[in-house]
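data-v9.pdb follows (PDB, C-alpha atoms (C1' of nucleotides)):
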ATOM      1  CA  MET A 233      23.586   2.194  -1.122
ATOM      2  CA  THR A 234      22.988   5.317   0.912
ATOM      3  CA  GLN A 235      21.327   5.289   4.324
ATOM      4  CA  GLU A 236      18.172   7.356   3.960
ATOM      5  CA  LYS A 237      15.837   5.683   6.412
ATOM      6  CA  SER A 238      14.370   8.146   8.841
ATOM      7  CA  GLU A 239      14.318   5.507  11.560
ATOM      8  CA  PHE A 240      18.080   5.474  11.587
ATOM      9  CA  LEU A 241      19.067   5.225  15.205
ATOM     10  CA  LYS A 242      22.134   7.451  15.087
ATOM     11  CA  GLY A 243      23.938   5.650  17.861
ATOM     12  CA  THR A 244      21.146   6.166  20.371
ATOM     13  CA  LEU A 245      20.083   2.532  20.529
ATOM     14  CA  ASP A 246      22.190   1.576  23.533
ATOM     15  CA  MET A 247      20.845   4.485  25.553
ATOM     16  CA  LEU A 248      17.262   3.718  24.568
ATOM     17  CA  ILE A 249      17.611   0.067  25.515
ATOM     18  CA  LEU A 250      19.194   0.915  28.858
ATOM     19  CA  LYS A 251      16.413   3.400  29.548
ATOM     20  CA  VAL A 252      13.641   0.942  28.734
ATOM     21  CA  VAL A 253      15.244  -1.812  30.774
ATOM     22  CA  ALA A 254      15.594   0.657  33.655
ATOM     23  CA  LEU A 255      11.781   0.793  33.785
ATOM     24  CA  GLY A 256      11.727  -2.833  34.871
ATOM     25  CA  PRO A 257      12.714  -6.374  33.798
ATOM     26  CA  ILE A 258      11.793  -6.952  30.184
ATOM     27  CA  HIS A 259      12.717  -9.307  27.380
ATOM     28  CA  GLY A 260      14.308  -8.420  24.053
ATOM     29  CA  TYR A 261      11.329  -8.668  21.797
ATOM     30  CA  ALA A 262       9.297  -6.509  24.160
ATOM     31  CA  ILE A 263      12.072  -3.921  24.316
ATOM     32  CA  SER A 264      11.860  -3.298  20.595
ATOM     33  CA  GLN A 265       8.088  -3.035  20.801
ATOM     34  CA  ARG A 266       8.261  -0.612  23.725
ATOM     35  CA  ILE A 267      10.732   1.616  21.929
ATOM     36  CA  GLN A 268       8.552   1.669  18.852
ATOM     37  CA  GLN A 269       5.380   2.354  20.812
ATOM     38  CA  ILE A 270       6.752   5.090  23.045
ATOM     39  CA  SER A 271       8.426   6.840  20.110
ATOM     40  CA  ARG A 272       5.105   6.757  18.245
ATOM     41  CA  ASP A 273       6.560   4.532  15.539
ATOM     42  CA  PHE A 274       9.507   6.777  14.818
ATOM     43  CA  PHE A 275      12.000   4.174  15.924
ATOM     44  CA  GLN A 276      11.780   0.702  14.532
ATOM     45  CA  VAL A 277      14.309  -1.570  16.179
ATOM     46  CA  HIS A 278      15.006  -4.395  13.765
ATOM     47  CA  GLN A 279      15.953  -7.759  15.202
ATOM     48  CA  GLY A 280      19.307  -7.606  13.452
ATOM     49  CA  SER A 281      20.045  -4.474  15.477
ATOM     50  CA  LEU A 282      18.309  -5.503  18.665
ATOM     51  CA  TYR A 283      19.901  -8.820  19.565
ATOM     52  CA  PRO A 284      23.500  -7.877  18.779
ATOM     53  CA  ALA A 285      22.960  -4.735  20.851
ATOM     54  CA  LEU A 286      21.636  -6.739  23.796
ATOM     55  CA  HIS A 287      24.593  -9.098  23.667
ATOM     56  CA  ARG A 288      26.928  -6.126  23.450
ATOM     57  CA  LEU A 289      25.393  -4.491  26.516
ATOM     58  CA  GLU A 290      25.497  -7.758  28.404
ATOM     59  CA  ASP A 291      29.138  -8.344  27.463
ATOM     60  CA  ARG A 292      29.997  -4.909  28.806
ATOM     61  CA  GLY A 293      28.361  -5.745  32.075
ATOM     62  CA  TRP A 294      25.527  -3.262  31.781
ATOM     63  CA  LEU A 295      22.725  -5.757  31.399
ATOM     64  CA  GLN A 296      22.026  -9.058  33.102
ATOM     65  CA  ALA A 297      19.925 -11.768  31.466
ATOM     66  CA  GLU A 298      17.751 -14.473  32.920
ATOM     67  CA  TRP A 299      15.412 -16.960  31.243
ATOM     68  CA  LYS A 300      11.880 -16.741  32.588
ATOM     69  CA  ASP A 301       8.336 -17.396  31.543
ATOM     70  CA  THR A 302       6.255 -14.651  29.971
ATOM     71  CA  ASP A 303       2.619 -14.018  30.801
ATOM     72  CA  THR A 304       1.687 -16.236  27.892
ATOM     73  CA  GLY A 305       3.716 -19.112  29.248
ATOM     74  CA  ARG A 306       6.647 -18.901  26.872
ATOM     75  CA  GLU A 307      10.320 -18.779  27.667
ATOM     76  CA  ALA A 308      12.075 -15.460  27.139
ATOM     77  CA  LYS A 309      15.296 -13.797  28.191
ATOM     78  CA  PHE A 310      14.505 -11.086  30.699
ATOM     79  CA  TYR A 311      17.017  -8.293  31.083
ATOM     80  CA  THR A 312      17.743  -6.115  34.098
ATOM     81  CA  LEU A 313      20.200  -3.266  34.621
ATOM     82  CA  THR A 314      23.341  -3.925  36.609
ATOM     83  CA  ARG A 315      24.784  -1.261  38.875
ATOM     84  CA  ARG A 316      27.311  -0.428  36.196
ATOM     85  CA  GLY A 317      24.497  -0.317  33.670
ATOM     86  CA  ARG A 318      22.725   2.298  35.730
ATOM     87  CA  LYS A 319      25.887   4.384  35.784
ATOM     88  CA  GLN A 320      26.298   3.948  32.071
ATOM     89  CA  LEU A 321      22.741   5.083  31.466
ATOM     90  CA  GLU A 322      23.332   8.238  33.481
ATOM     91  CA  ALA A 323      26.505   8.931  31.527
ATOM     92  CA  GLU A 324      24.703   8.455  28.237
ATOM     93  CA  LEU A 325      21.826  10.671  29.299
ATOM     94  CA  LEU A 326      24.257  13.434  30.195
ATOM     95  CA  ASN A 327      26.128  13.014  26.948
ATOM     96  CA  TRP A 328      22.928  13.054  24.931
ATOM     97  CA  GLU A 329      21.885  16.280  26.604
ATOM     98  CA  ARG A 330      25.217  17.871  25.815
ATOM     99  CA  LEU A 331      25.159  16.577  22.278
ATOM    100  CA  SER A 332      21.700  17.886  21.520
ATOM    101  CA  ASP A 333      22.557  21.206  23.155
ATOM    102  CA  ALA A 334      25.652  21.475  20.967
ATOM    103  CA  VAL A 335      23.658  20.628  17.861
ATOM    104  CA  ALA A 336      21.063  23.224  18.846
ATOM    105  CA  LEU A 337      23.763  25.868  19.169
ATOM    106  CA  ILE A 338      24.861  25.253  15.606
ATOM    107  CA  LEU A 339      21.398  24.961  14.128
ATOM    108  CA  ARG A 340      20.322  28.226  15.740
ATOM    109  CA  THR A 341      23.288  30.112  14.355
ATOM    110  CA  ALA A 342      21.916  32.592  11.897
ATOM    111  CA  GLU A 343      24.302  35.047  10.467
TER
ATOM    112  CA  MET B 673      38.587  -0.726  21.174
ATOM    113  CA  THR B 674      35.301   0.746  22.308
ATOM    114  CA  GLN B 675      34.101   4.171  21.228
ATOM    115  CA  GLU B 676      33.875   6.293  24.371
ATOM    116  CA  LYS B 677      34.720   9.768  23.122
ATOM    117  CA  SER B 678      32.105  12.298  24.101
ATOM    118  CA  GLU B 679      32.730  14.252  20.920
ATOM    119  CA  PHE B 680      31.345  11.383  18.900
ATOM    120  CA  LEU B 681      29.300  12.949  16.154
ATOM    121  CA  LYS B 682      26.493  10.397  16.068
ATOM    122  CA  GLY B 683      25.783  10.846  12.392
ATOM    123  CA  THR B 684      25.119  14.573  12.696
ATOM    124  CA  LEU B 685      28.225  15.668  10.854
ATOM    125  CA  ASP B 686      26.621  16.000   7.426
ATOM    126  CA  MET B 687      23.850  18.169   8.806
ATOM    127  CA  LEU B 688      26.275  20.346  10.734
ATOM    128  CA  ILE B 689      28.472  20.869   7.694
ATOM    129  CA  LEU B 690      25.503  21.716   5.491
ATOM    130  CA  LYS B 691      24.273  24.179   8.097
ATOM    131  CA  VAL B 692      27.621  25.930   8.428
ATOM    132  CA  VAL B 693      28.104  26.129   4.674
ATOM    133  CA  ALA B 694      24.584  27.549   4.411
ATOM    134  CA  LEU B 695      25.841  30.568   6.374
ATOM    135  CA  GLY B 696      28.103  31.488   3.471
ATOM    136  CA  PRO B 697      31.009  30.224   1.335
ATOM    137  CA  ILE B 698      33.663  28.684   3.526
ATOM    138  CA  HIS B 699      36.579  26.298   3.172
ATOM    139  CA  GLY B 700      37.006  22.936   4.834
ATOM    140  CA  TYR B 701      39.486  23.813   7.502
ATOM    141  CA  ALA B 702      37.364  26.775   8.569
ATOM    142  CA  ILE B 703      34.241  24.604   8.690
ATOM    143  CA  SER B 704      35.762  22.387  11.351
ATOM    144  CA  GLN B 705      36.866  25.423  13.337
ATOM    145  CA  ARG B 706      33.426  26.998  13.097
ATOM    146  CA  ILE B 707      31.700  23.853  14.282
ATOM    147  CA  GLN B 708      34.059  23.579  17.210
ATOM    148  CA  GLN B 709      33.703  27.241  18.146
ATOM    149  CA  ILE B 710      29.916  27.447  17.888
ATOM    150  CA  SER B 711      29.472  24.217  19.835
ATOM    151  CA  ARG B 712      31.737  25.594  22.570
ATOM    152  CA  ASP B 713      34.308  22.868  21.973
ATOM    153  CA  PHE B 714      31.854  20.017  22.296
ATOM    154  CA  PHE B 715      32.369  18.940  18.710
ATOM    155  CA  GLN B 716      35.834  18.401  17.439
ATOM    156  CA  VAL B 717      35.794  17.598  13.755
ATOM    157  CA  HIS B 718      38.959  15.674  12.994
ATOM    158  CA  GLN B 719      40.441  16.052   9.545
ATOM    159  CA  GLY B 720      39.994  12.348   8.896
ATOM    160  CA  SER B 721      36.258  12.875   9.342
ATOM    161  CA  LEU B 722      36.033  16.293   7.742
ATOM    162  CA  TYR B 723      37.525  15.791   4.307
ATOM    163  CA  PRO B 724      35.880  12.470   3.507
ATOM    164  CA  ALA B 725      32.581  14.039   4.582
ATOM    165  CA  LEU B 726      33.096  17.027   2.308
ATOM    166  CA  HIS B 727      33.888  14.773  -0.646
ATOM    167  CA  ARG B 728      30.844  12.679   0.170
ATOM    168  CA  LEU B 729      28.571  15.724   0.232
ATOM    169  CA  GLU B 730      30.081  17.003  -2.986
ATOM    170  CA  ASP B 731      29.661  13.622  -4.684
ATOM    171  CA  ARG B 732      26.003  13.622  -3.733
ATOM    172  CA  GLY B 733      25.573  17.016  -5.307
ATOM    173  CA  TRP B 734      24.863  18.887  -2.105
ATOM    174  CA  LEU B 735      28.032  20.956  -2.034
ATOM    175  CA  GLN B 736      29.971  22.721  -4.736
ATOM    176  CA  ALA B 737      33.678  23.442  -4.450
ATOM    177  CA  GLU B 738      35.833  26.185  -5.883
ATOM    178  CA  TRP B 739      39.473  27.056  -5.279
ATOM    179  CA  LYS B 740      39.931  30.624  -4.105
ATOM    180  CA  ASP B 741      42.302  32.748  -2.086
ATOM    181  CA  THR B 742      41.748  33.230   1.605
ATOM    182  CA  ASP B 743      42.155  36.550   3.390
ATOM    183  CA  THR B 744      45.722  35.575   4.156
ATOM    184  CA  GLY B 745      46.478  34.987   0.496
ATOM    185  CA  ARG B 746      46.487  31.199   0.534
ATOM    186  CA  GLU B 747      44.634  28.810  -1.722
ATOM    187  CA  ALA B 748      41.702  26.960  -0.241
ATOM    188  CA  LYS B 749      38.668  25.065  -1.451
ATOM    189  CA  PHE B 750      35.562  27.111  -0.774
ATOM    190  CA  TYR B 751      32.274  25.284  -0.530
ATOM    191  CA  THR B 752      28.778  26.520  -1.256
ATOM    192  CA  LEU B 753      25.404  24.809  -1.015
ATOM    193  CA  THR B 754      23.720  23.665  -4.201
ATOM    194  CA  ARG B 755      19.963  23.859  -4.557
ATOM    195  CA  ARG B 756      19.755  20.160  -3.776
ATOM    196  CA  GLY B 757      22.014  20.745  -0.805
ATOM    197  CA  ARG B 758      19.602  23.275   0.580
ATOM    198  CA  LYS B 759      16.782  20.779   0.234
ATOM    199  CA  GLN B 760      18.879  18.118   1.885
ATOM    200  CA  LEU B 761      19.638  20.433   4.788
ATOM    201  CA  GLU B 762      15.953  21.080   5.335
ATOM    202  CA  ALA B 763      15.234  17.346   5.237
ATOM    203  CA  GLU B 764      17.979  16.678   7.762
ATOM    204  CA  LEU B 765      16.791  19.466  10.057
ATOM    205  CA  LEU B 766      13.295  18.012  10.037
ATOM    206  CA  ASN B 767      14.608  14.531  10.664
ATOM    207  CA  TRP B 768      16.796  15.722  13.503
ATOM    208  CA  GLU B 769      13.825  17.412  15.113
ATOM    209  CA  ARG B 770      11.775  14.245  14.859
ATOM    210  CA  LEU B 771      14.627  12.109  16.106
ATOM    211  CA  SER B 772      15.301  14.226  19.161
ATOM    212  CA  ASP B 773      11.577  14.427  19.880
ATOM    213  CA  ALA B 774      11.351  10.639  19.706
ATOM    214  CA  VAL B 775      14.345  10.258  21.999
ATOM    215  CA  ALA B 776      12.802  12.745  24.413
ATOM    216  CA  LEU B 777       9.595  10.720  24.503
ATOM    217  CA  ILE B 778      11.494   7.653  25.593
ATOM    218  CA  LEU B 779      13.782   9.405  28.049
ATOM    219  CA  ARG B 780      10.837  11.101  29.746
ATOM    220  CA  THR B 781       8.974   7.845  30.180
ATOM    221  CA  ALA B 782       8.770   7.230  33.896
ATOM    222  CA  GLU B 783       6.682   4.330  34.963
TER
ATOM    223  C1'  DG C 851      -3.791 -27.466   8.253
ATOM    224  C1'  DC C 852      -1.570 -23.007   7.522
ATOM    225  C1'  DA C 853      -0.487 -18.197   8.283
ATOM    226  C1'  DT C 854       0.794 -14.868  11.619
ATOM    227  C1'  DA C 855       2.734 -13.214  15.898
ATOM    228  C1'  DT C 856       5.986 -14.058  19.334
ATOM    229  C1'  DA C 857      10.752 -15.077  20.733
ATOM    230  C1'  DG C 858      15.507 -16.071  19.969
ATOM    231  C1'  DG C 859      19.506 -15.888  16.873
ATOM    232  C1'  DT C 860      23.624 -15.165  12.974
ATOM    233  C1'  DA C 861      26.201 -13.561   8.610
ATOM    234  C1'  DG C 862      27.607 -10.223   5.593
ATOM    235  C1'  DG C 863      27.826  -5.774   3.890
ATOM    236  C1'  DA C 864      27.344  -0.687   3.931
ATOM    237  C1'  DG C 865      28.211   3.459   6.106
ATOM    238  C1'  DT C 866      30.488   6.671   9.396
ATOM    239  C1'  DC C 867      34.104   8.086  12.301
ATOM    240  C1'  DC C 868      38.596   7.706  14.253
ATOM    241  C1'  DT C 869      43.793   7.286  14.445
ATOM    242  C1'  DA C 870      47.737   7.895  12.088
ATOM    243  C1'  DG C 871      50.044   9.103   8.737
ATOM    244  C1'  DG C 872      51.615  12.404   4.345
ATOM    245  C1'  DC C 873      52.275  16.893   1.711
ATOM    246  C1'  DA C 874      52.895  21.946   1.324
ATOM    247  C1'  DT C 875      53.218  26.849   2.697
ATOM    248  C1'  DA C 876      53.012  30.948   5.878
ATOM    249  C1'  DA C 877      53.861  33.108  10.233
ATOM    250  C1'  DA C 878      56.290  33.458  14.542
ATOM    251  C1'  DG C 879      59.959  32.749  17.815
ATOM    252  C1'  DG C 880      64.574  31.780  18.969
TER
ATOM    253  C1'  DC D 237      68.493  31.842   9.572
ATOM    254  C1'  DC D 238      66.197  28.047  11.161
ATOM    255  C1'  DT D 239      62.835  25.539  13.495
ATOM    256  C1'  DT D 240      58.328  25.158  15.239
ATOM    257  C1'  DT D 241      53.439  26.012  14.866
ATOM    258  C1'  DA D 242      49.332  26.975  12.362
ATOM    259  C1'  DT D 243      46.983  26.626   8.178
ATOM    260  C1'  DG D 244      45.146  23.842   4.470
ATOM    261  C1'  DC D 245      44.556  19.667   1.752
ATOM    262  C1'  DC D 246      44.470  14.609   1.597
ATOM    263  C1'  DT D 247      44.278   9.027   2.174
ATOM    264  C1'  DA D 248      44.504   4.233   4.313
ATOM    265  C1'  DG D 249      42.959   1.073   7.482
ATOM    266  C1'  DG D 250      40.434  -0.354  11.261
ATOM    267  C1'  DA D 251      36.582  -0.189  14.715
ATOM    268  C1'  DC D 252      31.965   0.254  15.410
ATOM    269  C1'  DT D 253      26.939   0.332  14.472
ATOM    270  C1'  DC D 254      23.081  -0.666  11.815
ATOM    271  C1'  DC D 255      20.631  -2.872   8.178
ATOM    272  C1'  DT D 256      18.877  -6.710   5.163
ATOM    273  C1'  DA D 257      18.283 -11.282   4.850
ATOM    274  C1'  DC D 258      18.252 -15.257   6.549
ATOM    275  C1'  DC D 259      17.466 -19.354  10.247
ATOM    276  C1'  DT D 260      14.879 -21.789  14.253
ATOM    277  C1'  DA D 261      10.861 -22.790  17.312
ATOM    278  C1'  DT D 262       6.258 -22.391  19.528
ATOM    279  C1'  DA D 263       1.528 -20.455  20.232
ATOM    280  C1'  DT D 264      -2.649 -18.532  18.339
ATOM    281  C1'  DG D 265      -6.230 -17.585  14.905
ATOM    282  C1'  DC D 266      -8.746 -18.780  10.834
TER
END
Take the structure in this file and express it as structure tokens.
Amino acid sequence: MTQEKSEFLKGTLDMLILKVVALGPIHGYAISQRIQQISRDFFQVHQGSLYPALHRLEDRGWLQAEWKDTDTGREAKFYTLTRRGRKQLEAELLNWERLSDAVALILRTAE
Amino acid sequence: MTQEKSEFLKGTLDMLILKVVALGPIHGYAISQRIQQISRDFFQVHQGSLYPALHRLEDRGWLQAEWKDTDTGREAKFYTLTRRGRKQLEAELLNWERLSDAVALILRTAE
DNA sequence: GCATATAGGTAGGAGTCCTAGGCATAAAGG
DNA sequence: CCTTTATGCCTAGGACTCCTACCTATATGC
């Protein structure tokens, strides 16, 4: 089955998560909602993508998790950026800029 | 082993190939060189990515192949876009635009 | 009492890209 | 003449990411 979904994240998910977490402590479920909201529904982060990604980023030492209560009095895992996570975010931002510049170079080539 | 290469194509390879082929009939090896040149060496399309991608695009009916002689008198498989390939390219261009816009929305979010 | 939203998770498969190899011929350098 | 390099095509296998489809549990709304 071919991937045709327009929401396909194209490897940007890690960067998007790091960026959203950089805005302040936030739990997983809220991260996916934030990404969807801010992107005006372009991105839809499915739970099967979200949670493995969070565990991945935590394993790599970029995110730190802590169980806390939400506003509504429920338990949730709140994530914060580590120092290394902040560095990683900067690296990914730079790489994304270069990538999209490189793509633009090719797309603008008219001969 | 983690993927850390900055040349990582992030799912853009199909679009880039379609775009380069849209510029005129060209063979596989030259496609990878073109992409590397135009992107100022940011993208490096390895042969293990290139040829499977070309076969994929041909299987989907977006590219058409024909054996011809190069300038230097060697045989090579020249690719051209089919009508469906042209449509696909336009769809991918639009999707790329939307994707990068959506990413930009999130990256510019300062709170 | 039951559906929906919130909040966490896993398993399995599909798809893409990479490394590492193989094959063949032409040009260039010693 | 012979060996290296560039050109040109290809595949196998593994790593990684993302998706669908499932599971669990609690709070809220009807």
For this file, the PyMOL selection byres ((chain A) within 8 of (chain D)) selects which residues, as a list in words?
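Applying the PyMOL selection byres ((chain A) within 8 of (chain D)) to the structure shown produces Phe240, Leu241, Gly243, Gly280 and Ser281 of chain A.
Residue-level contact on chain C: within 8 Å of chain B, counting all atoms listed in the file, the set is DT866, DC867 and DC868 of chain C.
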I need the chosen residues saved as a PDB file, in the coordinates of the input, with C-alpha atoms (C1' of nucleotides).
ATOM      1  C1'  DT C 866      30.488   6.671   9.396  1.00  0.00           C
ATOM      2  C1'  DC C 867      34.104   8.086  12.301  1.00  0.00           C
ATOM      3  C1'  DC C 868      38.596   7.706  14.253  1.00  0.00           C
TER       4       DC C 868
END
Interatomic distance, atom CA of Ala694 of chain B to atom CA of Phe714 of chain B (Å, one decimal):
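Taking atom CA of Ala694 of chain B as the start and atom CA of Phe714 of chain B as the end point, the length is 20.7 Å.
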Could the residues of chain A within 9 Å of chain B, counting only C-alpha atoms, be given as number ranges by chain, please?
A: 238-244, 247-248, 251-252, 255-256, 267, 270-275, 325, 327, 330-339, 341-343
Selection above as a file: C-alpha atoms, as a tab-separated table (two decimals), keeping the file's coordinate frame:
chain	number	residue	atom	x	y	z
A	238	SER	CA	14.37	8.15	8.84
A	239	GLU	CA	14.32	5.51	11.56
A	240	PHE	CA	18.08	5.47	11.59
A	241	LEU	CA	19.07	5.22	15.20
A	242	LYS	CA	22.13	7.45	15.09
A	243	GLY	CA	23.94	5.65	17.86
A	244	THR	CA	21.15	6.17	20.37
A	247	MET	CA	20.84	4.49	25.55
A	248	LEU	CA	17.26	3.72	24.57
A	251	LYS	CA	16.41	3.40	29.55
A	252	VAL	CA	13.64	0.94	28.73
A	255	LEU	CA	11.78	0.79	33.78
A	256	GLY	CA	11.73	-2.83	34.87
A	267	ILE	CA	10.73	1.62	21.93
A	270	ILE	CA	6.75	5.09	23.04
A	271	SER	CA	8.43	6.84	20.11
A	272	ARG	CA	5.11	6.76	18.24
A	273	ASP	CA	6.56	4.53	15.54
A	274	PHE	CA	9.51	6.78	14.82
A	275	PHE	CA	12.00	4.17	15.92
A	325	LEU	CA	21.83	10.67	29.30
A	327	ASN	CA	26.13	13.01	26.95
A	330	ARG	CA	25.22	17.87	25.82
A	331	LEU	CA	25.16	16.58	22.28
A	332	SER	CA	21.70	17.89	21.52
A	333	ASP	CA	22.56	21.21	23.16
A	334	ALA	CA	25.65	21.48	20.97
A	335	VAL	CA	23.66	20.63	17.86
A	336	ALA	CA	21.06	23.22	18.85
A	337	LEU	CA	23.76	25.87	19.17
A	338	ILE	CA	24.86	25.25	15.61
A	339	LEU	CA	21.40	24.96	14.13
A	341	THR	CA	23.29	30.11	14.36
A	342	ALA	CA	21.92	32.59	11.90
A	343	GLU	CA	24.30	35.05	10.47
Onto chain B, please fit chain A by least squares using all C-alpha atoms in order, then return the transformed chain as a compact mmCIF listing (two decimals) with C-alpha atoms, in the frame of the given file.
# COMPACT_ATOMS: atom_id res chain seq x y z
CA MET A 233 38.40 -0.74 21.28
CA THR A 234 35.16 0.85 22.40
CA GLN A 235 34.03 4.29 21.27
CA GLU A 236 33.80 6.39 24.42
CA LYS A 237 34.69 9.83 23.15
CA SER A 238 32.08 12.37 24.07
CA GLU A 239 32.73 14.28 20.86
CA PHE A 240 31.34 11.39 18.88
CA LEU A 241 29.30 12.94 16.13
CA LYS A 242 26.50 10.38 16.03
CA GLY A 243 25.79 10.84 12.36
CA THR A 244 25.13 14.55 12.68
CA LEU A 245 28.25 15.67 10.84
CA ASP A 246 26.65 15.99 7.41
CA MET A 247 23.86 18.16 8.79
CA LEU A 248 26.29 20.34 10.72
CA ILE A 249 28.49 20.86 7.68
CA LEU A 250 25.52 21.72 5.48
CA LYS A 251 24.28 24.17 8.09
CA VAL A 252 27.62 25.92 8.43
CA VAL A 253 28.10 26.12 4.68
CA ALA A 254 24.58 27.55 4.41
CA LEU A 255 25.82 30.57 6.39
CA GLY A 256 28.08 31.49 3.49
CA PRO A 257 30.99 30.23 1.35
CA ILE A 258 33.65 28.68 3.54
CA HIS A 259 36.57 26.32 3.18
CA GLY A 260 37.02 22.94 4.84
CA TYR A 261 39.48 23.82 7.52
CA ALA A 262 37.35 26.77 8.58
CA ILE A 263 34.24 24.59 8.70
CA SER A 264 35.76 22.36 11.34
CA GLN A 265 36.85 25.39 13.34
CA ARG A 266 33.41 26.98 13.10
CA ILE A 267 31.70 23.82 14.28
CA GLN A 268 34.06 23.55 17.21
CA GLN A 269 33.70 27.20 18.15
CA ILE A 270 29.92 27.42 17.89
CA SER A 271 29.47 24.17 19.83
CA ARG A 272 31.73 25.56 22.56
CA ASP A 273 34.31 22.84 21.96
CA PHE A 274 31.85 19.99 22.27
CA PHE A 275 32.36 18.90 18.70
CA GLN A 276 35.84 18.37 17.41
CA VAL A 277 35.80 17.58 13.72
CA HIS A 278 38.97 15.67 12.96
CA GLN A 279 40.47 16.02 9.51
CA GLY A 280 40.01 12.32 8.88
CA SER A 281 36.28 12.87 9.32
CA LEU A 282 36.07 16.28 7.73
CA TYR A 283 37.57 15.80 4.29
CA PRO A 284 35.91 12.47 3.48
CA ALA A 285 32.62 14.03 4.56
CA LEU A 286 33.13 17.03 2.27
CA HIS A 287 33.92 14.79 -0.67
CA ARG A 288 30.87 12.69 0.13
CA LEU A 289 28.60 15.73 0.20
CA GLU A 290 30.10 17.02 -3.02
CA ASP A 291 29.69 13.65 -4.73
CA ARG A 292 26.03 13.65 -3.76
CA GLY A 293 25.59 17.03 -5.33
CA TRP A 294 24.88 18.90 -2.12
CA LEU A 295 28.04 20.95 -2.04
CA GLN A 296 29.97 22.75 -4.76
CA ALA A 297 33.68 23.47 -4.45
CA GLU A 298 35.82 26.22 -5.88
CA TRP A 299 39.48 27.09 -5.28
CA LYS A 300 39.93 30.66 -4.10
CA ASP A 301 42.29 32.77 -2.08
CA THR A 302 41.76 33.23 1.64
CA ASP A 303 42.19 36.53 3.44
CA THR A 304 45.75 35.52 4.19
CA GLY A 305 46.51 34.97 0.53
CA ARG A 306 46.49 31.19 0.52
CA GLU A 307 44.62 28.85 -1.75
CA ALA A 308 41.68 26.99 -0.25
CA LYS A 309 38.66 25.08 -1.46
CA PHE A 310 35.57 27.14 -0.78
CA TYR A 311 32.28 25.29 -0.52
CA THR A 312 28.77 26.53 -1.25
CA LEU A 313 25.39 24.81 -1.01
CA THR A 314 23.71 23.68 -4.20
CA ARG A 315 19.94 23.86 -4.56
CA ARG A 316 19.75 20.17 -3.79
CA GLY A 317 22.01 20.74 -0.81
CA ARG A 318 19.59 23.27 0.57
CA LYS A 319 16.78 20.75 0.23
CA GLN A 320 18.88 18.11 1.88
CA LEU A 321 19.64 20.41 4.79
CA GLU A 322 15.94 21.06 5.32
CA ALA A 323 15.24 17.34 5.25
CA GLU A 324 17.98 16.67 7.77
CA LEU A 325 16.79 19.45 10.05
CA LEU A 326 13.29 17.99 10.03
CA ASN A 327 14.60 14.51 10.67
CA TRP A 328 16.80 15.70 13.51
CA GLU A 329 13.83 17.40 15.13
CA ARG A 330 11.78 14.24 14.87
CA LEU A 331 14.62 12.11 16.12
CA SER A 332 15.29 14.23 19.17
CA ASP A 333 11.57 14.43 19.89
CA ALA A 334 11.34 10.64 19.73
CA VAL A 335 14.34 10.26 22.01
CA ALA A 336 12.79 12.75 24.42
CA LEU A 337 9.58 10.73 24.52
CA ILE A 338 11.49 7.66 25.62
CA LEU A 339 13.77 9.41 28.07
CA ARG A 340 10.82 11.09 29.77
CA THR A 341 8.97 7.82 30.23
CA ALA A 342 8.84 7.19 33.93
CA GLU A 343 6.80 4.32 35.08
Pick from A:Asp246, A:Tyr283, A:Pro257, A:Gln265, whichever lies nearest to Lys300 of chain A using all atoms listed in the file
A:Pro257
Can you list, as a list in words, every protein, DNA or RNA residue that comes within 7 Å of Trp299 of chain A when you count all atoms listed in the file, leaving out same-chain residues fewer than 2 positions away?
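After dropping sequence-adjacent residues, the list is Ala297, Glu307, Ala308, Lys309 and Phe310 of chain A.
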Interatomic distance between atom C1' of DA857 of chain C and atom CA of Val253 of chain A?
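According to the coordinates, atom C1' of DA857 of chain C and atom CA of Val253 of chain A are separated by 17.2 Å.
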For atom CA of Arg755 of chain B and atom CA of Asp743 of chain B, the interatomic separation in Å (one decimal)
26.8 Å
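Using only C-alpha atoms, the shortest contact distance between Thr742 of chain B and any of B:Tyr701, B:Leu726, B:Gln716, B:Glu769 is found at B:Tyr701.
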